[in-house]
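Below is one structure, written out as structure tokens; comments come after it.
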Amino acid sequence: MDDYPLIENHGLLGDLQTAALVTTDGTVDWLCFPRFDSPSVFGALLDKDKGGHCTVRPRGATYATKQLYLPDTAILVTRFMTEAGAGEVLDFMPVTGRTVTPRHQLVRMVRCVRGTMTFEVVIAPRFDYGRRSHRLHLAEQGVVFEADDGTTLTVHPIREPDDERLLDIVTDRQNDLHLTLTLQAGQQRGLALESDADGPPRQIRLAEYEELFDRNVTFWRSWLGQSQYAGRWREAVERSAITLKLMTYAPSGALVAAPTAALPEQLGGERNWDYRFTWIRDASFSVYALLGLGFTEEARAFIEWLSDRVRERAGSEGDSGPLNIMYKVDGSSDLDEQILDHWEGYARSAPVRIGNGAATQLQLDIYGEALDSIYFAHRHGIQVGHRGWSSLLTNLDWLVDHWDQAGEGLWETRGGRKHFTYGRVMSWVAFDRALRLSEANGRPAATARWHAARDDIYDQVMAKGWSEGRQAFVQHYGSDVLDSSLLRTATVGFITPQDPMWSSTLDAMEQELVSDSLVYRYNPEASPDGLRGSEGTFSLCTFMYVDALARAGRPDRARLVFEKMMGYANHLGLYSEEIDLTGRQLGNFPQAFTHLALVDAAITLNAALDQKVSR
């Protein structure tokens, strides 16, 4: 671990088509161009020697660092303090909008705010996950890195024309760039790194930079100004909203599960997955969070993306099969899993996987999540048109005939298919929401078949998904294993929050899956999932637990769990996938699912506490 920054010691930048991670010591160690799921240009996060990076930090001196976001924006400020002076690096990516483009910029502005400071800058790209060599071209106005496939990274200096020399430039045998920059208090200079620029490097004047900076500030503050949340945890909720926006691919409206790949769920373990794709389940959850905060356009964009996937699966002649559980951000489904053998992995946690082999799994719960989000959007004025409804009919016809199959389940286990209770509950949700949509809109539907399927699922779950011995709903039929995915059972209306069966299920989970307020997904020893090793508590599940407690009339307990969980956020309010016994964050970072659940929990808990006060 000494060679790698902690996962939580990063901030997130983005332009709504791709994203970068910046460490607390000023290193960009993860950045993919031109999309979230494109090959990396900087990937030192997964191999410190071969991955590539862009570093800006004080030269030579011992320094302390602090990192923050410019309030209400996605502009990251990394501050350095030395005995000789104080300086900072402002990092941001100009927002690209909904037009697909290969050209993206990362702006790194360096300031001295007190005394004198000399910065060292290293730009060491490694194109295509470090699999391609590159050449370095020094031009009159800047620098161009060119990979052997023609991909380029152009460095534009930000300075005034009368600067005698912005930088002392040194190149090395690996065609990397080493620069030094000495500034006095009040001075600022910088760099703009651009992928596949349409021209040679050019000098950017400070006035032009200031205009670009101001536009970025205006964009984020105007966007966040749409938020309707006025509850107790406004700062955390709004930071989560910005984080989710940063992980949304603007051209399609699709939300990636995380902007990273292969960060381990256990150091030295094999649970290292690529999360730079859009899961039907995860992204469906975004509709609740976005609409709950007032971000209608983002919710509408995702519903359109989801509707396109449903129509594609329905087929031109009405033939249908199961929906894919995940897609690329453009809606394509080629997610073949590969292992990058030449990279050692974060903190030597191999294998490094890109692509995702779980894409072909059967997970029937996604129909419930999709239909529930479509129904929720309908209640907020986002309607399903005729073609969308016809496609839903075809998919539901398939589900009527196949809901009783075994599958891999929500957690994408690789230990064989089972009859997961959560999958059955969400299949019940699919038919329930379809019936409500049909009735609300007067649409033609196979209501008799849907009613029968919904009732059969309910009876089956109560007969096979409930354990008298555990007095709890269990992970899959024929077992006594608990599973925190079932925390949503009352949330989706399958059972009332005050039902004694639900209360005893919460109590059982408290005893077995909850560790000092943090929640595990399940016990891999009791329910083998086909993978070696263990994992930390799952941050998503902790926020789901808060939501479940608040709905079950336990707001004080829910608030304590929520407040404890706030203490596990990183210095910027960001969460990865998991938390280990030391409180360290593990897994891909930041994770959309966790931030979505944070928003939902905050909204539900705030309402429960308000109701308690009003009594």
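Letters for chains follow the order of the structure tokens (A, B, ...), residue numbers begin at 1 for each chain, and ligand numbers begin at 1 in the order shown.
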Return as JSON lines the residues of stretch 481-586 of chain A lying at most 12 Å from stretch 437-458 of chain A, together with the closest atom-to-atom pair for each and the distance in Å to one decimal, counting only C-alpha atoms, with rows in chain order and ascending residue number.
{"residue": "A:Thr489", "atom": "CA", "partner": "A:Tyr458", "partner_atom": "CA", "distance": 11.7}
{"residue": "A:Gly493", "atom": "CA", "partner": "A:Tyr458", "partner_atom": "CA", "distance": 11.5}
{"residue": "A:Phe494", "atom": "CA", "partner": "A:Tyr458", "partner_atom": "CA", "distance": 8.0}
{"residue": "A:Ile495", "atom": "CA", "partner": "A:Tyr458", "partner_atom": "CA", "distance": 9.8}
Strand (DSSP E or B) positions in stretch 177-371 of chain A, given as a PyMOL selection string
chain A and resi 177-184+188-195+204+248-249+254-255+261+274+278-279+326-327+338-339+353-354
Hey, can you spit out that residue selection with N, CA and C atoms as a PDB file, in the first residue's frame?
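Once everything was written out, this is again-v2.pdb:
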ATOM      1  N   LEU A 177       7.403  14.203 -20.141  1.00  0.00           N
ATOM      2  CA  LEU A 177       7.739  15.607 -20.021  1.00  0.00           C
ATOM      3  C   LEU A 177       7.914  15.966 -18.554  1.00  0.00           C
ATOM      4  N   HIS A 178       9.002  16.647 -18.213  1.00  0.00           N
ATOM      5  CA  HIS A 178       9.272  17.112 -16.859  1.00  0.00           C
ATOM      6  C   HIS A 178       9.433  18.627 -16.908  1.00  0.00           C
ATOM      7  N   LEU A 179       8.685  19.337 -16.137  1.00  0.00           N
ATOM      8  CA  LEU A 179       8.669  20.793 -16.163  1.00  0.00           C
ATOM      9  C   LEU A 179       8.848  21.348 -14.765  1.00  0.00           C
ATOM     10  N   THR A 180       9.387  22.563 -14.681  1.00  0.00           N
ATOM     11  CA  THR A 180       9.401  23.278 -13.404  1.00  0.00           C
ATOM     12  C   THR A 180       8.804  24.661 -13.625  1.00  0.00           C
ATOM     13  N   LEU A 181       8.154  25.153 -12.597  1.00  0.00           N
ATOM     14  CA  LEU A 181       7.440  26.421 -12.689  1.00  0.00           C
ATOM     15  C   LEU A 181       7.567  27.139 -11.350  1.00  0.00           C
ATOM     16  N   THR A 182       8.215  28.304 -11.336  1.00  0.00           N
ATOM     17  CA  THR A 182       8.385  29.082 -10.113  1.00  0.00           C
ATOM     18  C   THR A 182       7.464  30.295 -10.150  1.00  0.00           C
ATOM     19  N   LEU A 183       6.647  30.440  -9.098  1.00  0.00           N
ATOM     20  CA  LEU A 183       5.668  31.528  -9.033  1.00  0.00           C
ATOM     21  C   LEU A 183       5.815  32.300  -7.733  1.00  0.00           C
ATOM     22  N   GLN A 184       5.514  33.600  -7.808  1.00  0.00           N
ATOM     23  CA  GLN A 184       5.437  34.454  -6.644  1.00  0.00           C
ATOM     24  C   GLN A 184       3.975  34.617  -6.256  1.00  0.00           C
ATOM     25  N   GLN A 188      -0.223  33.158 -11.459  1.00  0.00           N
ATOM     26  CA  GLN A 188      -0.828  31.881 -11.844  1.00  0.00           C
ATOM     27  C   GLN A 188      -0.501  31.576 -13.295  1.00  0.00           C
ATOM     28  N   ARG A 189      -0.228  30.341 -13.550  1.00  0.00           N
ATOM     29  CA  ARG A 189       0.024  29.838 -14.894  1.00  0.00           C
ATOM     30  C   ARG A 189      -0.532  28.415 -14.937  1.00  0.00           C
ATOM     31  N   GLY A 190      -0.617  27.818 -16.109  1.00  0.00           N
ATOM     32  CA  GLY A 190      -1.163  26.472 -16.130  1.00  0.00           C
ATOM     33  C   GLY A 190      -1.035  25.770 -17.462  1.00  0.00           C
ATOM     34  N   LEU A 191      -1.741  24.650 -17.567  1.00  0.00           N
ATOM     35  CA  LEU A 191      -1.717  23.789 -18.732  1.00  0.00           C
ATOM     36  C   LEU A 191      -3.134  23.318 -19.036  1.00  0.00           C
ATOM     37  N   ALA A 192      -3.408  23.139 -20.302  1.00  0.00           N
ATOM     38  CA  ALA A 192      -4.642  22.486 -20.735  1.00  0.00           C
ATOM     39  C   ALA A 192      -4.249  21.274 -21.558  1.00  0.00           C
ATOM     40  N   LEU A 193      -4.628  20.086 -21.089  1.00  0.00           N
ATOM     41  CA  LEU A 193      -4.324  18.845 -21.796  1.00  0.00           C
ATOM     42  C   LEU A 193      -5.549  18.467 -22.622  1.00  0.00           C
ATOM     43  N   GLU A 194      -5.373  18.314 -23.925  1.00  0.00           N
ATOM     44  CA  GLU A 194      -6.499  18.068 -24.826  1.00  0.00           C
ATOM     45  C   GLU A 194      -6.294  16.785 -25.616  1.00  0.00           C
ATOM     46  N   SER A 195      -7.319  15.946 -25.646  1.00  0.00           N
ATOM     47  CA  SER A 195      -7.257  14.709 -26.425  1.00  0.00           C
ATOM     48  C   SER A 195      -7.644  14.984 -27.871  1.00  0.00           C
ATOM     49  N   ILE A 204      -2.695  29.797 -24.482  1.00  0.00           N
ATOM     50  CA  ILE A 204      -3.979  30.257 -23.949  1.00  0.00           C
ATOM     51  C   ILE A 204      -3.710  31.430 -23.015  1.00  0.00           C
ATOM     52  N   THR A 248     -22.653  10.756 -15.467  1.00  0.00           N
ATOM     53  CA  THR A 248     -23.680  10.601 -16.488  1.00  0.00           C
ATOM     54  C   THR A 248     -23.111  10.955 -17.848  1.00  0.00           C
ATOM     55  N   TYR A 249     -23.289  10.076 -18.813  1.00  0.00           N
ATOM     56  CA  TYR A 249     -22.823  10.300 -20.177  1.00  0.00           C
ATOM     57  C   TYR A 249     -23.870  11.135 -20.895  1.00  0.00           C
ATOM     58  N   ALA A 254     -27.089   7.994 -20.008  1.00  0.00           N
ATOM     59  CA  ALA A 254     -26.772   6.786 -19.245  1.00  0.00           C
ATOM     60  C   ALA A 254     -25.822   7.110 -18.095  1.00  0.00           C
ATOM     61  N   LEU A 255     -26.037   6.450 -16.975  1.00  0.00           N
ATOM     62  CA  LEU A 255     -25.230   6.645 -15.772  1.00  0.00           C
ATOM     63  C   LEU A 255     -24.308   5.451 -15.586  1.00  0.00           C
ATOM     64  N   ALA A 261     -12.182   1.079 -13.051  1.00  0.00           N
ATOM     65  CA  ALA A 261     -12.204  -0.363 -13.308  1.00  0.00           C
ATOM     66  C   ALA A 261     -11.207  -1.047 -12.393  1.00  0.00           C
ATOM     67  N   ASP A 274     -14.830  -4.222 -13.672  1.00  0.00           N
ATOM     68  CA  ASP A 274     -14.925  -2.992 -14.449  1.00  0.00           C
ATOM     69  C   ASP A 274     -16.342  -2.436 -14.302  1.00  0.00           C
ATOM     70  N   THR A 278     -23.278   0.897 -17.818  1.00  0.00           N
ATOM     71  CA  THR A 278     -24.577   1.279 -17.275  1.00  0.00           C
ATOM     72  C   THR A 278     -25.388   0.028 -16.982  1.00  0.00           C
ATOM     73  N   TRP A 279     -25.656  -0.193 -15.705  1.00  0.00           N
ATOM     74  CA  TRP A 279     -26.504  -1.289 -15.266  1.00  0.00           C
ATOM     75  C   TRP A 279     -27.968  -0.834 -15.296  1.00  0.00           C
ATOM     76  N   MET A 326     -26.551  -5.016 -18.302  1.00  0.00           N
ATOM     77  CA  MET A 326     -25.727  -3.818 -18.422  1.00  0.00           C
ATOM     78  C   MET A 326     -25.385  -3.566 -19.875  1.00  0.00           C
ATOM     79  N   TYR A 327     -25.041  -2.314 -20.159  1.00  0.00           N
ATOM     80  CA  TYR A 327     -24.693  -1.885 -21.506  1.00  0.00           C
ATOM     81  C   TYR A 327     -23.569  -0.861 -21.432  1.00  0.00           C
ATOM     82  N   GLN A 338     -11.780  -8.935 -20.346  1.00  0.00           N
ATOM     83  CA  GLN A 338     -10.378  -9.240 -20.610  1.00  0.00           C
ATOM     84  C   GLN A 338      -9.563  -8.969 -19.351  1.00  0.00           C
ATOM     85  N   ILE A 339      -8.390  -9.551 -19.279  1.00  0.00           N
ATOM     86  CA  ILE A 339      -7.467  -9.304 -18.175  1.00  0.00           C
ATOM     87  C   ILE A 339      -6.208  -8.649 -18.722  1.00  0.00           C
ATOM     88  N   ARG A 353      -9.187  -6.334 -14.585  1.00  0.00           N
ATOM     89  CA  ARG A 353     -10.197  -6.694 -15.583  1.00  0.00           C
ATOM     90  C   ARG A 353     -10.763  -5.455 -16.261  1.00  0.00           C
ATOM     91  N   ILE A 354     -10.932  -5.539 -17.579  1.00  0.00           N
ATOM     92  CA  ILE A 354     -11.707  -4.562 -18.330  1.00  0.00           C
ATOM     93  C   ILE A 354     -12.785  -5.327 -19.084  1.00  0.00           C
TER      94      ILE A 354
END
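With only C-alpha atoms taken into account, the protein and nucleic acid residues at most 12 Å from A:Gln460 (excluding it and anything under 5 positions from it in its own chain) are Trp403, Asp404, His419, Phe420, Thr421, Arg424, Val425, Ser427, Trp428, Ala453, Arg454, Asp455, Gly465, Trp466, His476 and Tyr477 of chain A.
Put simply, atom CA of A:Asn216 is 15.6 Å away from atom CA of A:Arg98.
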With only C-alpha atoms as the counted atoms, please give the residues lying no more than 9 Å from stretch 25-40 of chain A, apart from itself and same-chain residues fewer than 4 positions off, as a PyMOL selection string.
chain A and resi 9+17-21+44-46+48+51-57+64-67+78-80+89+101-104+125-130+195-196+247+249+256+258-261+274-277+328-329+354-355
Can I get the selected residues back with N, CA and C atoms, as a compact mmCIF listing (two decimals), in the first residue's frame?
# COMPACT_ATOMS: atom_id res chain seq x y z
N ASN A 9 -8.39 8.83 -1.14
CA ASN A 9 -7.60 10.06 -1.26
C ASN A 9 -7.61 10.59 -2.69
N GLN A 17 -18.74 13.30 -20.27
CA GLN A 17 -18.49 12.21 -21.20
C GLN A 17 -17.37 11.30 -20.71
N THR A 18 -16.49 11.84 -19.89
CA THR A 18 -15.44 11.06 -19.27
C THR A 18 -15.09 11.71 -17.94
N ALA A 19 -14.15 11.10 -17.21
CA ALA A 19 -13.86 11.60 -15.86
C ALA A 19 -12.42 11.30 -15.50
N ALA A 20 -11.91 12.06 -14.53
CA ALA A 20 -10.53 11.88 -14.05
C ALA A 20 -10.55 11.83 -12.54
N LEU A 21 -9.57 11.10 -11.98
CA LEU A 21 -9.34 11.09 -10.54
C LEU A 21 -8.03 11.82 -10.25
N ALA A 44 -2.08 5.18 -13.57
CA ALA A 44 -1.20 4.79 -12.46
C ALA A 44 -1.97 4.24 -11.27
N LEU A 45 -3.24 4.50 -11.20
CA LEU A 45 -4.07 3.94 -10.14
C LEU A 45 -4.03 2.42 -10.14
N LEU A 46 -3.84 1.82 -11.32
CA LEU A 46 -3.83 0.37 -11.44
C LEU A 46 -2.44 -0.20 -11.71
N LYS A 48 1.42 1.64 -10.82
CA LYS A 48 2.14 2.88 -10.53
C LYS A 48 3.28 3.13 -11.50
N GLY A 51 1.29 2.63 -15.65
CA GLY A 51 -0.04 3.16 -15.95
C GLY A 51 -0.07 4.56 -16.52
N GLY A 52 0.91 5.40 -16.17
CA GLY A 52 0.91 6.78 -16.64
C GLY A 52 0.21 7.72 -15.67
N HIS A 53 0.66 8.98 -15.66
CA HIS A 53 0.10 9.95 -14.72
C HIS A 53 0.44 11.37 -15.17
N CYS A 54 -0.22 12.34 -14.55
CA CYS A 54 0.10 13.76 -14.71
C CYS A 54 0.17 14.34 -13.30
N THR A 55 1.35 14.79 -12.89
CA THR A 55 1.57 15.21 -11.51
C THR A 55 1.97 16.67 -11.45
N VAL A 56 1.36 17.41 -10.53
CA VAL A 56 1.77 18.78 -10.21
C VAL A 56 1.90 18.87 -8.70
N ARG A 57 3.12 19.21 -8.21
CA ARG A 57 3.34 19.30 -6.77
C ARG A 57 4.56 20.19 -6.50
N ALA A 64 2.44 20.01 3.15
CA ALA A 64 1.17 19.43 3.57
C ALA A 64 0.14 19.76 2.51
N THR A 65 -0.89 18.93 2.39
CA THR A 65 -1.90 19.16 1.37
C THR A 65 -3.30 19.19 1.98
N LYS A 66 -4.16 19.93 1.34
CA LYS A 66 -5.58 19.95 1.63
C LYS A 66 -6.31 19.95 0.29
N GLN A 67 -7.48 19.36 0.26
CA GLN A 67 -8.23 19.28 -0.99
C GLN A 67 -9.69 19.58 -0.74
N THR A 78 -6.60 21.63 -5.01
CA THR A 78 -5.61 20.92 -4.20
C THR A 78 -4.59 21.94 -3.71
N ARG A 79 -4.50 22.11 -2.40
CA ARG A 79 -3.67 23.16 -1.80
C ARG A 79 -2.40 22.55 -1.20
N PHE A 80 -1.30 23.27 -1.36
CA PHE A 80 -0.01 22.84 -0.83
C PHE A 80 0.54 23.92 0.10
N VAL A 89 -3.51 24.01 -6.91
CA VAL A 89 -3.81 23.59 -8.28
C VAL A 89 -5.33 23.51 -8.41
N THR A 101 -17.89 13.83 -28.98
CA THR A 101 -16.68 14.42 -29.53
C THR A 101 -15.46 13.66 -29.02
N PRO A 102 -14.41 13.53 -29.84
CA PRO A 102 -13.16 12.92 -29.36
C PRO A 102 -12.30 13.91 -28.60
N ARG A 103 -12.66 15.21 -28.64
CA ARG A 103 -11.82 16.24 -28.04
C ARG A 103 -12.34 16.61 -26.65
N HIS A 104 -11.48 16.39 -25.68
CA HIS A 104 -11.80 16.70 -24.28
C HIS A 104 -10.60 17.37 -23.65
N PRO A 125 1.97 10.17 -20.19
CA PRO A 125 0.83 9.39 -20.65
C PRO A 125 1.24 7.96 -21.03
N ARG A 126 0.29 7.05 -20.89
CA ARG A 126 0.48 5.66 -21.33
C ARG A 126 -0.82 5.26 -22.04
N PHE A 127 -0.79 5.38 -23.36
CA PHE A 127 -2.00 5.20 -24.15
C PHE A 127 -2.47 3.74 -24.17
N ASP A 128 -3.79 3.58 -24.29
CA ASP A 128 -4.40 2.24 -24.44
C ASP A 128 -3.97 1.32 -23.30
N TYR A 129 -4.24 1.74 -22.07
CA TYR A 129 -3.87 0.95 -20.88
C TYR A 129 -2.37 0.62 -20.87
N GLY A 130 -1.55 1.51 -21.40
CA GLY A 130 -0.11 1.28 -21.41
C GLY A 130 0.36 0.28 -22.45
N SER A 195 -7.32 15.95 -25.65
CA SER A 195 -7.26 14.71 -26.42
C SER A 195 -7.64 14.98 -27.87
N ASP A 196 -6.88 14.41 -28.80
CA ASP A 196 -7.17 14.50 -30.24
C ASP A 196 -7.56 15.91 -30.67
N MET A 247 -20.99 11.37 -13.42
CA MET A 247 -20.93 9.99 -13.91
C MET A 247 -22.02 9.71 -14.94
N TYR A 249 -23.29 10.08 -18.81
CA TYR A 249 -22.82 10.30 -20.18
C TYR A 249 -23.87 11.13 -20.90
N VAL A 256 -22.99 5.69 -15.50
CA VAL A 256 -22.07 4.58 -15.25
C VAL A 256 -22.09 4.22 -13.77
N ALA A 258 -19.54 3.39 -11.97
CA ALA A 258 -18.38 4.09 -11.41
C ALA A 258 -17.49 4.46 -12.58
N PRO A 259 -16.63 5.47 -12.43
CA PRO A 259 -15.75 5.83 -13.54
C PRO A 259 -14.46 5.01 -13.58
N THR A 260 -14.32 4.02 -12.70
CA THR A 260 -13.08 3.25 -12.59
C THR A 260 -13.30 1.78 -12.90
N ALA A 261 -12.18 1.08 -13.05
CA ALA A 261 -12.20 -0.36 -13.31
C ALA A 261 -11.21 -1.05 -12.39
N ASP A 274 -14.83 -4.22 -13.67
CA ASP A 274 -14.92 -2.99 -14.45
C ASP A 274 -16.34 -2.44 -14.30
N TYR A 275 -16.45 -1.23 -13.76
CA TYR A 275 -17.76 -0.64 -13.48
C TYR A 275 -18.10 0.52 -14.41
N ARG A 276 -17.39 0.68 -15.52
CA ARG A 276 -17.58 1.86 -16.37
C ARG A 276 -18.72 1.68 -17.38
N PHE A 277 -19.75 0.97 -16.95
CA PHE A 277 -20.88 0.68 -17.82
C PHE A 277 -22.17 1.05 -17.10
N LYS A 328 -22.93 -0.63 -22.57
CA LYS A 328 -22.06 0.51 -22.67
C LYS A 328 -22.90 1.79 -22.67
N VAL A 329 -22.25 2.92 -22.45
CA VAL A 329 -23.01 4.16 -22.31
C VAL A 329 -23.75 4.56 -23.58
N ILE A 354 -10.93 -5.54 -17.58
CA ILE A 354 -11.71 -4.56 -18.33
C ILE A 354 -12.79 -5.33 -19.08
N GLY A 355 -13.92 -4.66 -19.32
CA GLY A 355 -15.09 -5.40 -19.77
C GLY A 355 -15.70 -6.10 -18.57
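For the set A:Asn395, A:Thr243, A:Asn523, A:Gln361, the residue with the smallest atom-to-atom gap to A:Ala592 is A:Thr243, counting only C-alpha atoms.
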When DSSP works through the backbone of this structure, what residues of stretch 64-288 of chain A end up as alpha helix (DSSP H), shown as a ChimeraX atom specification?
/A:127-130,206-224,234-246,280-288
Give me the residues within 10 Å of A:Trp411 as a PDB file with N, CA and C atoms, in the first residue's frame, counting only C-alpha atoms and dropping any in the same chain fewer than 5 places off.
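For reference, out_3.pdb as written:
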ATOM      1  N   ALA A 358     -20.119 -10.439 -16.391  1.00  0.00           N
ATOM      2  CA  ALA A 358     -21.456 -10.611 -15.828  1.00  0.00           C
ATOM      3  C   ALA A 358     -22.549 -10.099 -16.761  1.00  0.00           C
ATOM      4  N   GLN A 363     -30.555 -11.964 -14.576  1.00  0.00           N
ATOM      5  CA  GLN A 363     -30.931 -11.309 -13.319  1.00  0.00           C
ATOM      6  C   GLN A 363     -32.329 -10.736 -13.505  1.00  0.00           C
ATOM      7  N   ASP A 483     -29.763 -11.733   3.291  1.00  0.00           N
ATOM      8  CA  ASP A 483     -29.226 -10.950   2.187  1.00  0.00           C
ATOM      9  C   ASP A 483     -29.780  -9.532   2.282  1.00  0.00           C
ATOM     10  N   SER A 485     -30.000  -7.252   0.146  1.00  0.00           N
ATOM     11  CA  SER A 485     -30.801  -6.766  -0.983  1.00  0.00           C
ATOM     12  C   SER A 485     -32.272  -6.710  -0.620  1.00  0.00           C
ATOM     13  N   ARG A 521     -23.338  -7.322   2.477  1.00  0.00           N
ATOM     14  CA  ARG A 521     -24.331  -7.798   1.502  1.00  0.00           C
ATOM     15  C   ARG A 521     -24.912  -9.143   1.936  1.00  0.00           C
ATOM     16  N   TYR A 522     -24.036 -10.058   2.298  1.00  0.00           N
ATOM     17  CA  TYR A 522     -24.415 -11.409   2.718  1.00  0.00           C
ATOM     18  C   TYR A 522     -23.165 -12.048   3.274  1.00  0.00           C
ATOM     19  N   ASP A 529     -20.145 -17.815  -3.258  1.00  0.00           N
ATOM     20  CA  ASP A 529     -20.505 -17.086  -4.476  1.00  0.00           C
ATOM     21  C   ASP A 529     -19.574 -17.382  -5.642  1.00  0.00           C
TER      22      ASP A 529
END
Quick one, how far is atom CA of A:Lys418 from atom CA of A:Asp480?
13.5 Å
Tell me, as a short mmCIF file (atom, residue, chain, number, x, y, z; two decimals) with C-alpha atoms, in the first residue's frame, which residues lie within 8 Å of stretch 287-289 of chain A, counting only C-alpha atoms; anything in the same chain fewer than 2 positions away does not count.
data_model
loop_
_atom_site.label_atom_id
_atom_site.label_comp_id
_atom_site.auth_asym_id
_atom_site.auth_seq_id
_atom_site.Cartn_x
_atom_site.Cartn_y
_atom_site.Cartn_z
CA ALA A 283 -29.42 3.52 -13.37
CA SER A 284 -33.10 2.83 -12.69
CA PHE A 285 -32.44 3.84 -9.10
CA LEU A 291 -36.77 13.23 -9.45
CA GLY A 292 -36.65 13.36 -5.65
CA LEU A 293 -34.22 16.27 -5.95
CA ALA A 299 -34.45 11.54 -15.24
CA PHE A 302 -32.34 8.10 -18.67
CA ILE A 303 -35.94 6.96 -19.22
CA SER A 373 -38.63 3.63 -12.40
CA PHE A 376 -42.31 6.60 -10.84
CA ALA A 377 -41.38 8.81 -13.79
CA LEU A 596 -28.03 7.23 -5.18
CA ALA A 597 -28.85 5.35 -1.98
CA VAL A 599 -29.92 10.62 -1.60
CA ASP A 600 -32.88 8.25 -1.17
#
Quick one: everything within 12 Å of A:Thr218, counting only C-alpha atoms, minus sequence neighbours fewer than 6 positions away in the same chain. Send it as JSON, numbers by chain.
{"A": [70, 71, 72, 73, 74, 75, 94, 95, 211, 212, 224, 225]}
Please dump the current selection as a CSV table (one decimal), in the first residue's frame; keep N, CA and C atoms.
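Result written to out_20.csv:
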chain,number,residue,atom,x,y,z
A,70,LEU,N,-14.4,23.7,-5.1
A,70,LEU,CA,-15.0,25.1,-5.1
A,70,LEU,C,-16.5,24.9,-4.8
A,71,PRO,N,-17.0,25.6,-3.8
A,71,PRO,CA,-18.4,25.4,-3.4
A,71,PRO,C,-19.4,25.3,-4.6
A,72,ASP,N,-20.3,24.3,-4.5
A,72,ASP,CA,-21.4,24.1,-5.5
A,72,ASP,C,-20.9,23.9,-6.9
A,73,THR,N,-19.7,23.3,-7.1
A,73,THR,CA,-19.1,23.1,-8.4
A,73,THR,C,-18.4,21.7,-8.4
A,74,ALA,N,-17.9,21.3,-9.6
A,74,ALA,CA,-17.0,20.1,-9.7
A,74,ALA,C,-15.6,20.6,-10.0
A,75,ILE,N,-15.2,21.8,-9.6
A,75,ILE,CA,-13.9,22.3,-9.7
A,75,ILE,C,-13.1,21.9,-8.5
A,94,PRO,N,-13.8,21.3,-18.9
A,94,PRO,CA,-14.8,22.1,-19.5
A,94,PRO,C,-15.9,21.1,-20.0
A,95,VAL,N,-17.2,21.4,-19.7
A,95,VAL,CA,-18.3,20.5,-20.0
A,95,VAL,C,-18.5,20.5,-21.5
A,211,GLU,N,-12.3,33.2,-18.5
A,211,GLU,CA,-13.6,33.0,-19.1
A,211,GLU,C,-14.1,31.6,-19.1
A,212,LEU,N,-13.1,30.7,-19.4
A,212,LEU,CA,-13.5,29.2,-19.4
A,212,LEU,C,-13.8,28.8,-18.0
A,224,LEU,N,-27.0,23.0,-10.2
A,224,LEU,CA,-27.3,22.6,-8.9
A,224,LEU,C,-28.4,23.4,-8.3
A,225,GLY,N,-28.6,24.7,-8.9
A,225,GLY,CA,-29.7,25.5,-8.4
A,225,GLY,C,-31.1,24.9,-8.6
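Atom CA of A:Asn324 sits 28.7 Å away from atom CA of A:Gly43.
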When you count only C-alpha atoms, which of these residues is closest to A:Leu267: A:Ile7, A:Ala548, A:Leu598, A:Ala185?
A:Ile7
Find, counting only C-alpha atoms, the residue in A:Asp2, A:Thr505, A:Tyr229, A:Phe119 that gets nearest to A:Gly469.
A:Thr505
